[in-house]
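Notes for the one structure printed next.
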Amino acid sequence: MRVRGLLIAMLFLSFTLTMNLATDGRIPANPIAVNPVTRVSETVLPTFAAILDSMEAQFKRIQDYQTTIDMVLDVKGFHIPPMSATVYFKQPDKLHFEARGFALLPRNAVMMTPELLRKLAQQVEVRTKEQLDKRSTYHVVLKPEEKDKNIEVVVDVWIDAERWVVLKVRTESNRFGWMEVVNQYDQVDHQFWLLKQSRVQMEIQKEIMQRMPRTGIGDADRREHRNTLLDEFFGTGQMFISFRNYKVNQGLADELFQEEKK
Amino acid sequence: MYNLICIEWVKTFRKLRTYLGFLAVGFFLPLVFIGIKFGGGVTAAQQFGPFAHFSEYFVVMGNLFNCFFVSQFMMMTFFVHIPFLIVLVGADMVAGEATSGTLRMVLTRPPSRLRMILAKIFVSLAYTALLIGFMAALSLGLGYLLFGSGEMLLANGGIYIVTASEALWRMLFAYFLAFLAMSVVASLSFLFSVLVENAIGPIIGAMVVVIVCLIISQVPLALFEAIRPYIFTTYSSVWLKMFEGVINWRLVFTHSGYLLLYIIGFFMLAYLLFRRKDILS
Amino acid sequence: MRAMASESERVIEISHLRKQFKKLVAVADLSLTVHRGDVFGFLGPNGAGKSTTIRILLDLIRPSRGEVKLFGLPLRSNRVSILSRVGALVEKPDFYGYLSARQNLQLFGKMLGNTTNKQIDAVLETVRLRDRADDHFKSFSHGMKQRLGIAQTLLGNPELIILDEPTAGLDPEGMKEVRDLIIELAQKNITIFLSSHLLHEIEQVCNRMAIINKGTLIVEGFVQELLRQGPMVLIVEVDQPAVAAPKIAGLNFVQRVTTDSRYLKVELQYQDIPRLNQFLLLENLQVFRLQPQTSLEDYYLSLVQG
């Protein structure tokens with residue numbers, strides 16, 4: 001009895017290990033692991049369509065919302081004061097942003113709607129079901145089609161298996177660099193799971209940073225600033241976004257989302 | 001002394017030549033702004049500056065192409081164009097009166113040559129301040145009407161975004177430093193004005209000096225390195241320091257101090273020459 | 001003729017004045033004195049140093065050597081207090097063309113302190129420019145400009161007025177006006193230092209004069225006394241000049257007689273004029289005119305050219 005039990009346990013462990021090796025063929029490049037991932041073996045994973053359906057079922061309950069977001073940027077080489085903006089959303093994918101001053105908002109932080117995920121899913125793989133910050137999530141890998149064939153983008157999305165919201169997104173582009181957004185949610189009006197906080201980490205490609213203006217205008221002392229952009233850490237850092245003052249299902253007008261002609 | 005200043009003020013501001021500078025700025029600046037505004041639309045690169053490169057991954061909001069940006073752009077005229085408008089008046093202060101003969105008339109009156117020249121110096125500097133103040137007001141005011149306000153992008157050793165209120169005081173301080181720089185030009189043209197009896201010579205002479213010194217300051221030749229610390233144009237761009245992310249205040253005050261020395265030096269030399277000058281016209 | 005004033009009333013004192021412009025000596029060694037109440041004529045050919053001297057008096061030019069005192073005070077160290085008592089017009093009057101006559105005078109008046117509009121009106125009235133007071137200076141004729149220049153010298157009730165060729169470019173009427181004005185000012189005991197080329201003008205208005213040439217003083221003194229030192233030419237107009245001429249020529253106190261179409265020119269000493277007059281009457285000649293010609297011209301030329 002004891003030997004049989006030990007054999008079964010060894011079989012189970014070896015199977016688990018094999019599954020891990022099989023499913024995790026890529027070691028994350030990001031050395032900073034905010035939320036340790038615990039992989040749970042699943043024999044059957046839902047399809048991406050099923051996941052999207054579940055997400056949409058939750059998301060469609062929100063016809064529209066507006067929220068105030070506060071952003072703090074902590075990226076080497078950038079010195080931007082805290083920013084604030086108002087985000088308006090209306091089904092299915094209308095977004096409108098208003099800011100009194102300058103504001104920089106990662107698209108992945110607010111625009112990861114089911115509709116957008118559907119558009120990104122030219123190639124999609126539901127890779128695994130994982131634990132992320134004590135939440136059970138589906139890890140989906142998306143490869144959107146880029147117009148420029150030289151650009152390759154891979155989007156990893158972790159979707160909460162219970163609340164059907166995006167907990168984490170990692171976008172890697174051979175042109176831009178990488179960006180990882182980790183979300184926390186709060187229940188608004190006791191029914192809607194909406195973003196409470198997002199932490200964005202990024203590393204912008206040198207190629208992009210070199211397009212930045214090196215110096216100010218016409219300054220003879222500019223030579224002292226010229227080497228700054230060679231700093232290998234220039235363009236790396238993070239951004240903290242908090243969401244407050246939600247107003248859900250207020251009946252936002254379509255006119256709000258009409259693009260202003262420039 | 002007050003009477004003398006009033007007299008010089010009337011003499012200067014009753015001349016049409018004095019208003020050429022204001023007319024030039026008042027015509028040219030709005031023309032440029034209107035051309036920018038209505039000439040072809042604002043591209044994303046102009047509106048968001050370097051952040052236009054991020055538009056694929058970020059939503060970029062706000063308007064960096066505002067009154068501060070266009071005003072900053074117009075301040076480039078402080079290198080050559082505005083100095084020319086300054087010397088038009090500075091060079092005429094003494095030489096113009098010598099040409100017209102009124103210098104002879106005026107110097108037979110009781111006030112000392114020192115007080116006479118101090119009054120002229122005061123009015124020269126006042127004209128400089130008024131012209132730059134006019135440019136600042138028009139630039140920021142019209143810029144605000146056409147382009148609105150917003151943050152200012154600074155790019156020296158990093159990307160800096162400063163708030164509108166900070167941008168405003170930086171701009172105002174920059175204009176003040178530009179006034180110091182232009183006062184050196186005014187004092188130089190005033191010095192030349194004392195030396196000759198015709199205003200054309202000092203105008204051309206002062207502009208030649210400004211342009212040559214500017215070349216020496218800007219062109220990175222080893223030959224010029226030794227001369228550079230001693231010419232005023234090396235420090236005339238001190239106002240640009242206000243557009244660096246982190247303002248080097250030590251450098252600002254040092255350069256401003258040098259400019260003050262040049263102003264005082266040129267005016268003092270002008271007085272010493274004027275005091276000994278034989279009025280033969 | 002005014003009597004010589006006492007020591008304490010020396011208004012202008014020039015002592016061994018010299019001015020050299022590089023190699024040119026404009027004033028070599030000039031010394032002269034002007035007393036209070038004098039109308040002092042300052043004569044000399046072109047380039048004699050008159051304008052240079054006047055400019056030195058007004059601190060427009062620094063002397064190379066020598067001393068200048070006005071009102072008993074050294075000029076260099078008392079410029080402000082001295083010039084507040086002096087009105088001057090050096091060469092042509094140059095005012096601000098874009099200002100009116102009144103505005104120009106207000107401007108110059110401010111340099112003296114607070115000259116009132118009433119005082120400005122008064123001087124404009126004196127030079128007969130009151131009705132053109134508000135016209136721009138650039139619209140004035142030459143005569144009007146000259147008059148405004150003189151008006152400017154009157155601001156502040158000066159004790160000394162220095163005029164450098166004040167009638168230059170004026171018509172005869174304008175010249176007479178200026179001469180009359182000078183006489184009027186002199187009667188108010190204002191000292192006038194007057195430089196002019198017009199010798200008859202000096203002769204008519206000045207009581208004292210100096211002649212300089214090549215920067216050096218040639219002669220200085222009372223006009224009439226100086227004139228009497230030299231020969232006088234008398235214009236004699238009689239009913240029979242052809243008869244009179246040989247008779248006059250025969251007189252021992254007459255140096256020379258020349259005949260013009262209508263009158264005779266007789267050279268004799270000033271004090272012999274009554275003798276000639278008596279002679280003509282005794283000869284039963286009708287005498288219409290006995291007029292000294294501007295002998296100052298002859299005197300001047302004899303000094304300058306001789």
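All residue names refer to the structure tokens as shown: chains lettered A, B, ... in order, residues numbered from 1 in each chain, ligands numbered from 1 in order.
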Any idea what's packed within 10 Å of Phe257 in chain A, counting only C-alpha atoms, ignoring anything in its chain fewer than 2 positions away? Could you give it as a PDB file with C-alpha atoms, in the first residue's frame?
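Result went into result-v3.pdb, see below:
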```
ATOM      1  CA  TYR A  88     -14.794  58.326 -20.437  1.00  0.00           C
ATOM      2  CA  PHE A  89     -15.848  54.943 -21.730  1.00  0.00           C
ATOM      3  CA  LYS A  90     -18.937  53.820 -23.565  1.00  0.00           C
ATOM      4  CA  LYS A  94     -15.542  54.233 -27.221  1.00  0.00           C
ATOM      5  CA  LEU A  95     -12.983  56.103 -25.214  1.00  0.00           C
ATOM      6  CA  HIS A  96     -12.508  59.780 -24.604  1.00  0.00           C
ATOM      7  CA  PHE A  97      -9.790  61.429 -22.570  1.00  0.00           C
ATOM      8  CA  LEU A 252     -22.876  59.393 -21.595  1.00  0.00           C
ATOM      9  CA  ALA A 253     -23.741  60.994 -24.916  1.00  0.00           C
ATOM     10  CA  ASP A 254     -22.180  59.735 -28.132  1.00  0.00           C
ATOM     11  CA  GLU A 255     -21.160  63.275 -29.031  1.00  0.00           C
ATOM     12  CA  GLU A 259     -12.982  63.041 -32.391  1.00  0.00           C
ATOM     13  CA  GLU A 260     -12.116  66.696 -32.623  1.00  0.00           C
TER      14      GLU A 260
END
```
Give me, as number ranges by chain, the contact residues of chain B against chain C at a cut-off of 8 Å, counting only C-alpha atoms. B: 3-4, 7, 11, 14-15, 100-102, 104-112, 276-280
Dump N, CA, C and O atoms for the selected residues as a CSV table (one decimal), in the first residue's frame?
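New file selection.csv:
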```
chain,number,residue,atom,x,y,z
B,3,ASN,N,14.0,116.2,-14.2
B,3,ASN,CA,13.8,117.0,-15.4
B,3,ASN,C,14.5,116.6,-16.6
B,3,ASN,O,14.0,116.5,-17.7
B,4,LEU,N,15.8,116.3,-16.3
B,4,LEU,CA,16.6,115.8,-17.5
B,4,LEU,C,16.1,114.5,-18.1
B,4,LEU,O,16.1,114.3,-19.3
B,7,ILE,N,13.2,115.3,-20.1
B,7,ILE,CA,13.6,115.9,-21.4
B,7,ILE,C,14.1,114.8,-22.3
B,7,ILE,O,13.7,114.8,-23.5
B,11,LYS,N,12.4,113.7,-25.9
B,11,LYS,CA,13.3,113.7,-27.1
B,11,LYS,C,13.3,112.4,-27.8
B,11,LYS,O,13.2,112.3,-29.0
B,14,ARG,N,9.5,111.1,-29.0
B,14,ARG,CA,8.9,111.9,-30.0
B,14,ARG,C,9.4,111.7,-31.4
B,14,ARG,O,9.0,112.2,-32.4
B,15,LYS,N,10.5,110.8,-31.4
B,15,LYS,CA,11.1,110.5,-32.7
B,15,LYS,C,10.4,109.3,-33.3
B,15,LYS,O,10.2,108.3,-32.6
B,100,SER,N,22.4,116.9,-35.5
B,100,SER,CA,21.4,117.9,-35.6
B,100,SER,C,21.8,119.2,-35.0
B,100,SER,O,21.2,120.2,-35.2
B,101,GLY,N,22.9,119.2,-34.2
B,101,GLY,CA,23.4,120.4,-33.6
B,101,GLY,C,22.8,120.7,-32.2
B,101,GLY,O,23.3,121.6,-31.6
B,102,THR,N,21.8,119.9,-31.9
B,102,THR,CA,21.2,120.2,-30.6
B,102,THR,C,22.1,119.9,-29.4
B,102,THR,O,21.9,120.4,-28.3
B,104,ARG,N,25.1,120.7,-29.1
B,104,ARG,CA,25.8,122.0,-28.8
B,104,ARG,C,24.9,122.9,-28.0
B,104,ARG,O,25.4,123.5,-27.0
B,105,MET,N,23.7,123.0,-28.4
B,105,MET,CA,22.7,123.9,-27.7
B,105,MET,C,22.5,123.4,-26.3
B,105,MET,O,22.5,124.2,-25.3
B,106,VAL,N,22.4,122.1,-26.1
B,106,VAL,CA,22.0,121.6,-24.8
B,106,VAL,C,23.2,121.7,-23.8
B,106,VAL,O,23.0,122.0,-22.7
B,107,LEU,N,24.4,121.5,-24.3
B,107,LEU,CA,25.5,121.5,-23.4
B,107,LEU,C,26.0,122.9,-23.0
B,107,LEU,O,26.9,123.0,-22.2
B,108,THR,N,25.3,123.9,-23.6
B,108,THR,CA,25.6,125.3,-23.0
B,108,THR,C,24.7,125.6,-21.8
B,108,THR,O,24.7,126.7,-21.3
B,109,ARG,N,23.9,124.7,-21.5
B,109,ARG,CA,23.0,124.8,-20.4
B,109,ARG,C,23.6,124.3,-19.1
B,109,ARG,O,24.6,123.6,-19.2
B,110,PRO,N,23.1,124.7,-17.9
B,110,PRO,CA,23.8,124.4,-16.7
B,110,PRO,C,24.1,122.9,-16.4
B,110,PRO,O,25.1,122.6,-15.8
B,111,PRO,N,23.1,122.0,-16.6
B,111,PRO,CA,23.4,120.6,-16.1
B,111,PRO,C,24.7,120.0,-16.6
B,111,PRO,O,25.1,120.3,-17.7
B,112,SER,N,25.4,119.3,-15.7
B,112,SER,CA,26.7,118.8,-16.0
B,112,SER,C,26.6,117.7,-17.1
B,112,SER,O,25.5,117.1,-17.3
B,276,ARG,N,35.3,114.5,-21.9
B,276,ARG,CA,36.4,115.1,-22.4
B,276,ARG,C,36.2,115.6,-23.9
B,276,ARG,O,37.1,116.2,-24.5
B,277,LYS,N,35.1,115.3,-24.4
B,277,LYS,CA,34.8,115.5,-25.8
B,277,LYS,C,34.7,117.0,-26.1
B,277,LYS,O,34.0,117.7,-25.4
B,278,ASP,N,35.4,117.5,-27.2
B,278,ASP,CA,35.2,118.8,-27.6
B,278,ASP,C,34.0,118.9,-28.6
B,278,ASP,O,34.0,118.1,-29.5
B,279,ILE,N,33.1,119.7,-28.3
B,279,ILE,CA,31.9,119.9,-29.1
B,279,ILE,C,32.2,120.9,-30.2
B,279,ILE,O,32.2,122.1,-30.0
B,280,LEU,N,32.5,120.3,-31.4
B,280,LEU,CA,32.9,121.2,-32.5
B,280,LEU,C,31.8,121.3,-33.5
B,280,LEU,O,31.9,122.1,-34.5
```
Determine, counting only C-alpha atoms, which protein, DNA and RNA residues have an atom within 10 Å of an atom of range 278-284 of chain C; residues of the same chain fewer than 3 positions away are not included. Present the result as a PDB file with N, CA and C atoms, in the first residue's frame.
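The new file selection_27.pdb reads:
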```pdb
ATOM      1  N   VAL C 236      31.519 163.658 -47.168  1.00  0.00           N
ATOM      2  CA  VAL C 236      31.123 165.074 -47.213  1.00  0.00           C
ATOM      3  C   VAL C 236      30.245 165.285 -48.435  1.00  0.00           C
ATOM      4  N   VAL C 238      28.268 168.178 -50.363  1.00  0.00           N
ATOM      5  CA  VAL C 238      28.067 169.635 -50.486  1.00  0.00           C
ATOM      6  C   VAL C 238      27.417 169.939 -51.844  1.00  0.00           C
ATOM      7  N   ASP C 239      27.012 171.162 -51.996  1.00  0.00           N
ATOM      8  CA  ASP C 239      26.311 171.517 -53.242  1.00  0.00           C
ATOM      9  C   ASP C 239      27.272 171.570 -54.438  1.00  0.00           C
ATOM     10  N   VAL C 243      34.065 172.019 -56.639  1.00  0.00           N
ATOM     11  CA  VAL C 243      34.719 173.234 -56.098  1.00  0.00           C
ATOM     12  C   VAL C 243      35.330 172.936 -54.748  1.00  0.00           C
ATOM     13  N   ALA C 244      34.624 172.167 -53.985  1.00  0.00           N
ATOM     14  CA  ALA C 244      35.051 171.896 -52.601  1.00  0.00           C
ATOM     15  C   ALA C 244      36.278 171.019 -52.540  1.00  0.00           C
ATOM     16  N   LYS C 247      39.805 172.528 -52.501  1.00  0.00           N
ATOM     17  CA  LYS C 247      39.951 173.386 -51.322  1.00  0.00           C
ATOM     18  C   LYS C 247      40.185 172.563 -50.064  1.00  0.00           C
ATOM     19  N   ILE C 248      39.405 171.477 -49.991  1.00  0.00           N
ATOM     20  CA  ILE C 248      39.552 170.623 -48.818  1.00  0.00           C
ATOM     21  C   ILE C 248      40.913 169.954 -48.840  1.00  0.00           C
ATOM     22  N   LEU C 251      43.824 171.697 -47.192  1.00  0.00           N
ATOM     23  CA  LEU C 251      43.861 171.892 -45.732  1.00  0.00           C
ATOM     24  C   LEU C 251      44.959 171.011 -45.136  1.00  0.00           C
ATOM     25  N   ILE C 273      37.095 167.134 -37.390  1.00  0.00           N
ATOM     26  CA  ILE C 273      35.813 167.232 -38.101  1.00  0.00           C
ATOM     27  C   ILE C 273      35.156 168.622 -37.918  1.00  0.00           C
ATOM     28  N   PRO C 274      35.117 169.167 -36.689  1.00  0.00           N
ATOM     29  CA  PRO C 274      34.494 170.516 -36.557  1.00  0.00           C
ATOM     30  C   PRO C 274      35.216 171.576 -37.364  1.00  0.00           C
ATOM     31  N   ARG C 275      36.539 171.436 -37.469  1.00  0.00           N
ATOM     32  CA  ARG C 275      37.346 172.405 -38.226  1.00  0.00           C
ATOM     33  C   ARG C 275      36.959 172.377 -39.694  1.00  0.00           C
ATOM     34  N   VAL C 287      26.359 172.577 -46.907  1.00  0.00           N
ATOM     35  CA  VAL C 287      26.735 171.248 -46.418  1.00  0.00           C
ATOM     36  C   VAL C 287      25.465 170.420 -46.147  1.00  0.00           C
TER      37      VAL C 287
END
```
Near-range 122-133 of chain C list (7 Å; only C-alpha atoms; drop same-chain fewer than 5 positions) as an MDAnalysis selection string: chainID C and resid 100:102 147 151 154
Kindly provide the residues of chain B that approach chain A to within 6 Å, each paired with its closest atom pair and their distance in Å to one decimal, based on only C-alpha atoms, listed by chain and increasing number, as a tab-separated table.
```
residue	atom	partner	partner_atom	distance
B:Pro50	CA	A:Met212	CA	5.7
B:Tyr57	CA	A:Arg107	CA	5.7
B:Phe58	CA	A:Pro106	CA	4.2
B:Val59	CA	A:Leu105	CA	5.0
B:Val60	CA	A:Leu104	CA	4.8
B:Met61	CA	A:Ala103	CA	4.9
B:Gly62	CA	A:Phe102	CA	4.1
B:Gly150	CA	A:Gly101	CA	5.7
B:Ala155	CA	A:Thr215	CA	5.1
B:Asn156	CA	A:Thr215	CA	4.4
B:Gly157	CA	A:His225	CA	4.8
B:Gly158	CA	A:Gly77	CA	4.5
B:Ile159	CA	A:Phe78	CA	4.7
B:Tyr160	CA	A:His79	CA	4.6
B:Ile161	CA	A:Ile80	CA	4.9
```
Which residues are close to Gln72 in chain B, i.e. within 10 Å by only C-alpha atoms, leaving aside same-chain residues fewer than 4 positions away? Reply as a PyMOL selection string. (chain A and resi 217) or (chain B and resi 66-68+76-77+139-140+152+171+174-175+240+243)
Separation of CA of Pro292 in chain C from CA of Gly174 in chain C, in Å and rounded to one decimal: 24.3 Å
Val194 in chain B: which residues within 10 Å, counting only C-alpha atoms, same-chain residues fewer than 4 positions away excluded, as a ChimeraX atom specification? /B:91-96,98,117,189-190,198-199,202,269-275,277
Suppose we keep N, CA and C atoms; can you now write the selection as a PDB file, in the first residue's frame?
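Listing of part_5.pdb after writing:
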```
ATOM      1  N   ALA B  91      22.317 104.065 -30.620  1.00  0.00           N
ATOM      2  CA  ALA B  91      23.334 104.731 -31.412  1.00  0.00           C
ATOM      3  C   ALA B  91      22.977 106.180 -31.722  1.00  0.00           C
ATOM      4  N   ASP B  92      21.724 106.504 -31.562  1.00  0.00           N
ATOM      5  CA  ASP B  92      21.254 107.852 -31.904  1.00  0.00           C
ATOM      6  C   ASP B  92      21.260 108.793 -30.713  1.00  0.00           C
ATOM      7  N   MET B  93      21.488 108.256 -29.534  1.00  0.00           N
ATOM      8  CA  MET B  93      21.307 109.057 -28.317  1.00  0.00           C
ATOM      9  C   MET B  93      22.215 110.282 -28.288  1.00  0.00           C
ATOM     10  N   VAL B  94      23.491 110.085 -28.637  1.00  0.00           N
ATOM     11  CA  VAL B  94      24.427 111.217 -28.618  1.00  0.00           C
ATOM     12  C   VAL B  94      24.757 111.656 -30.042  1.00  0.00           C
ATOM     13  N   ALA B  95      25.067 110.691 -30.901  1.00  0.00           N
ATOM     14  CA  ALA B  95      25.463 111.021 -32.270  1.00  0.00           C
ATOM     15  C   ALA B  95      24.347 111.748 -33.021  1.00  0.00           C
ATOM     16  N   GLY B  96      23.123 111.344 -32.770  1.00  0.00           N
ATOM     17  CA  GLY B  96      21.997 111.996 -33.442  1.00  0.00           C
ATOM     18  C   GLY B  96      21.895 113.465 -33.058  1.00  0.00           C
ATOM     19  N   ALA B  98      24.414 115.241 -32.016  1.00  0.00           N
ATOM     20  CA  ALA B  98      25.577 115.906 -32.582  1.00  0.00           C
ATOM     21  C   ALA B  98      25.310 116.288 -34.031  1.00  0.00           C
ATOM     22  N   ILE B 117      24.404 112.718 -19.424  1.00  0.00           N
ATOM     23  CA  ILE B 117      24.624 111.385 -19.975  1.00  0.00           C
ATOM     24  C   ILE B 117      23.908 110.326 -19.142  1.00  0.00           C
ATOM     25  N   SER B 189      26.277 100.326 -28.253  1.00  0.00           N
ATOM     26  CA  SER B 189      25.891 101.296 -29.287  1.00  0.00           C
ATOM     27  C   SER B 189      25.949 102.720 -28.731  1.00  0.00           C
ATOM     28  N   PHE B 190      25.645 102.871 -27.455  1.00  0.00           N
ATOM     29  CA  PHE B 190      25.740 104.189 -26.818  1.00  0.00           C
ATOM     30  C   PHE B 190      27.194 104.659 -26.808  1.00  0.00           C
ATOM     31  N   ASN B 198      27.764 111.003 -36.257  1.00  0.00           N
ATOM     32  CA  ASN B 198      26.703 110.574 -37.155  1.00  0.00           C
ATOM     33  C   ASN B 198      26.181 109.230 -36.670  1.00  0.00           C
ATOM     34  N   ALA B 199      24.867 109.085 -36.585  1.00  0.00           N
ATOM     35  CA  ALA B 199      24.281 107.883 -35.981  1.00  0.00           C
ATOM     36  C   ALA B 199      24.465 106.619 -36.821  1.00  0.00           C
ATOM     37  N   PRO B 202      27.634 104.352 -35.643  1.00  0.00           N
ATOM     38  CA  PRO B 202      27.434 103.520 -34.455  1.00  0.00           C
ATOM     39  C   PRO B 202      26.474 102.371 -34.675  1.00  0.00           C
ATOM     40  N   LEU B 269      32.837 104.028 -19.830  1.00  0.00           N
ATOM     41  CA  LEU B 269      33.765 104.477 -20.872  1.00  0.00           C
ATOM     42  C   LEU B 269      33.133 105.571 -21.721  1.00  0.00           C
ATOM     43  N   ALA B 270      31.854 105.397 -22.016  1.00  0.00           N
ATOM     44  CA  ALA B 270      31.129 106.417 -22.786  1.00  0.00           C
ATOM     45  C   ALA B 270      31.146 107.752 -22.054  1.00  0.00           C
ATOM     46  N   TYR B 271      30.916 107.716 -20.752  1.00  0.00           N
ATOM     47  CA  TYR B 271      30.919 108.964 -19.980  1.00  0.00           C
ATOM     48  C   TYR B 271      32.301 109.611 -19.978  1.00  0.00           C
ATOM     49  N   LEU B 272      33.337 108.794 -19.754  1.00  0.00           N
ATOM     50  CA  LEU B 272      34.691 109.347 -19.691  1.00  0.00           C
ATOM     51  C   LEU B 272      35.067 110.026 -21.011  1.00  0.00           C
ATOM     52  N   LEU B 273      34.664 109.415 -22.117  1.00  0.00           N
ATOM     53  CA  LEU B 273      34.942 110.014 -23.418  1.00  0.00           C
ATOM     54  C   LEU B 273      34.092 111.260 -23.642  1.00  0.00           C
ATOM     55  N   PHE B 274      32.849 111.179 -23.220  1.00  0.00           N
ATOM     56  CA  PHE B 274      31.935 112.300 -23.410  1.00  0.00           C
ATOM     57  C   PHE B 274      32.373 113.503 -22.577  1.00  0.00           C
ATOM     58  N   ARG B 275      32.883 113.237 -21.408  1.00  0.00           N
ATOM     59  CA  ARG B 275      33.290 114.322 -20.514  1.00  0.00           C
ATOM     60  C   ARG B 275      34.422 115.140 -21.137  1.00  0.00           C
ATOM     61  N   LYS B 277      35.077 115.257 -24.405  1.00  0.00           N
ATOM     62  CA  LYS B 277      34.817 115.484 -25.837  1.00  0.00           C
ATOM     63  C   LYS B 277      34.694 116.975 -26.125  1.00  0.00           C
TER      64      LYS B 277
END
```
Could you give me, as a PyMOL selection string, the residues within 9 Å of Leu198 in chain C, counting only C-alpha atoms and dropping anything in the same chain fewer than 4 positions from it? chain C and resi 43+165+167-168+202-203
Report as a ChimeraX atom specification: the residues of range 56-195 of chain A with a DSSP assignment of strand (DSSP E), based on the backbone of this structure. /A:64-75,78-79,83-90,94-98,103-106,123-132,135-143,153-160,166-173,177-188,192-195
Go through range 60-258 of chain A and collect every residue that DSSP, computed from the backbone, puts in helix (DSSP H, G or I); the answer should be as a PDB file with C-alpha atoms, in the first residue's frame.
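Now in selection_38.pdb:
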```pdb
ATOM      1  CA  ARG A 107      -2.992  52.446 -23.629  1.00  0.00           C
ATOM      2  CA  ASN A 108      -2.709  49.044 -22.072  1.00  0.00           C
ATOM      3  CA  ALA A 109      -3.769  50.457 -18.716  1.00  0.00           C
ATOM      4  CA  VAL A 110      -7.295  51.425 -19.755  1.00  0.00           C
ATOM      5  CA  PRO A 114     -12.757  42.514 -24.450  1.00  0.00           C
ATOM      6  CA  GLU A 115     -13.333  44.244 -27.758  1.00  0.00           C
ATOM      7  CA  LEU A 116      -9.689  45.225 -28.018  1.00  0.00           C
ATOM      8  CA  LEU A 117      -8.534  41.752 -27.050  1.00  0.00           C
ATOM      9  CA  ARG A 118     -10.665  40.377 -29.799  1.00  0.00           C
ATOM     10  CA  LYS A 119      -8.993  42.728 -32.292  1.00  0.00           C
ATOM     11  CA  LEU A 120      -5.520  41.793 -31.136  1.00  0.00           C
ATOM     12  CA  LYS A 206      17.325  52.942 -27.301  1.00  0.00           C
ATOM     13  CA  GLU A 207      16.260  53.546 -30.849  1.00  0.00           C
ATOM     14  CA  ILE A 208      13.187  55.437 -29.637  1.00  0.00           C
ATOM     15  CA  MET A 209      15.115  57.343 -26.974  1.00  0.00           C
ATOM     16  CA  ALA A 220      26.416  76.551 -26.407  1.00  0.00           C
ATOM     17  CA  ASP A 221      26.680  74.435 -23.281  1.00  0.00           C
ATOM     18  CA  ARG A 222      24.772  71.584 -24.830  1.00  0.00           C
ATOM     19  CA  ARG A 223      27.864  69.442 -25.087  1.00  0.00           C
ATOM     20  CA  GLU A 224      27.579  68.600 -21.401  1.00  0.00           C
ATOM     21  CA  HIS A 225      24.198  67.011 -21.997  1.00  0.00           C
ATOM     22  CA  ARG A 226      25.057  65.070 -25.079  1.00  0.00           C
ATOM     23  CA  ASN A 227      26.041  61.822 -23.347  1.00  0.00           C
ATOM     24  CA  THR A 228      22.921  61.540 -21.256  1.00  0.00           C
ATOM     25  CA  LEU A 229      21.077  59.517 -23.810  1.00  0.00           C
ATOM     26  CA  LEU A 230      23.850  56.965 -23.871  1.00  0.00           C
ATOM     27  CA  ASP A 254     -22.180  59.735 -28.132  1.00  0.00           C
ATOM     28  CA  GLU A 255     -21.160  63.275 -29.031  1.00  0.00           C
ATOM     29  CA  LEU A 256     -18.583  63.164 -26.241  1.00  0.00           C
ATOM     30  CA  PHE A 257     -16.676  60.538 -28.143  1.00  0.00           C
TER      31      PHE A 257
END
```
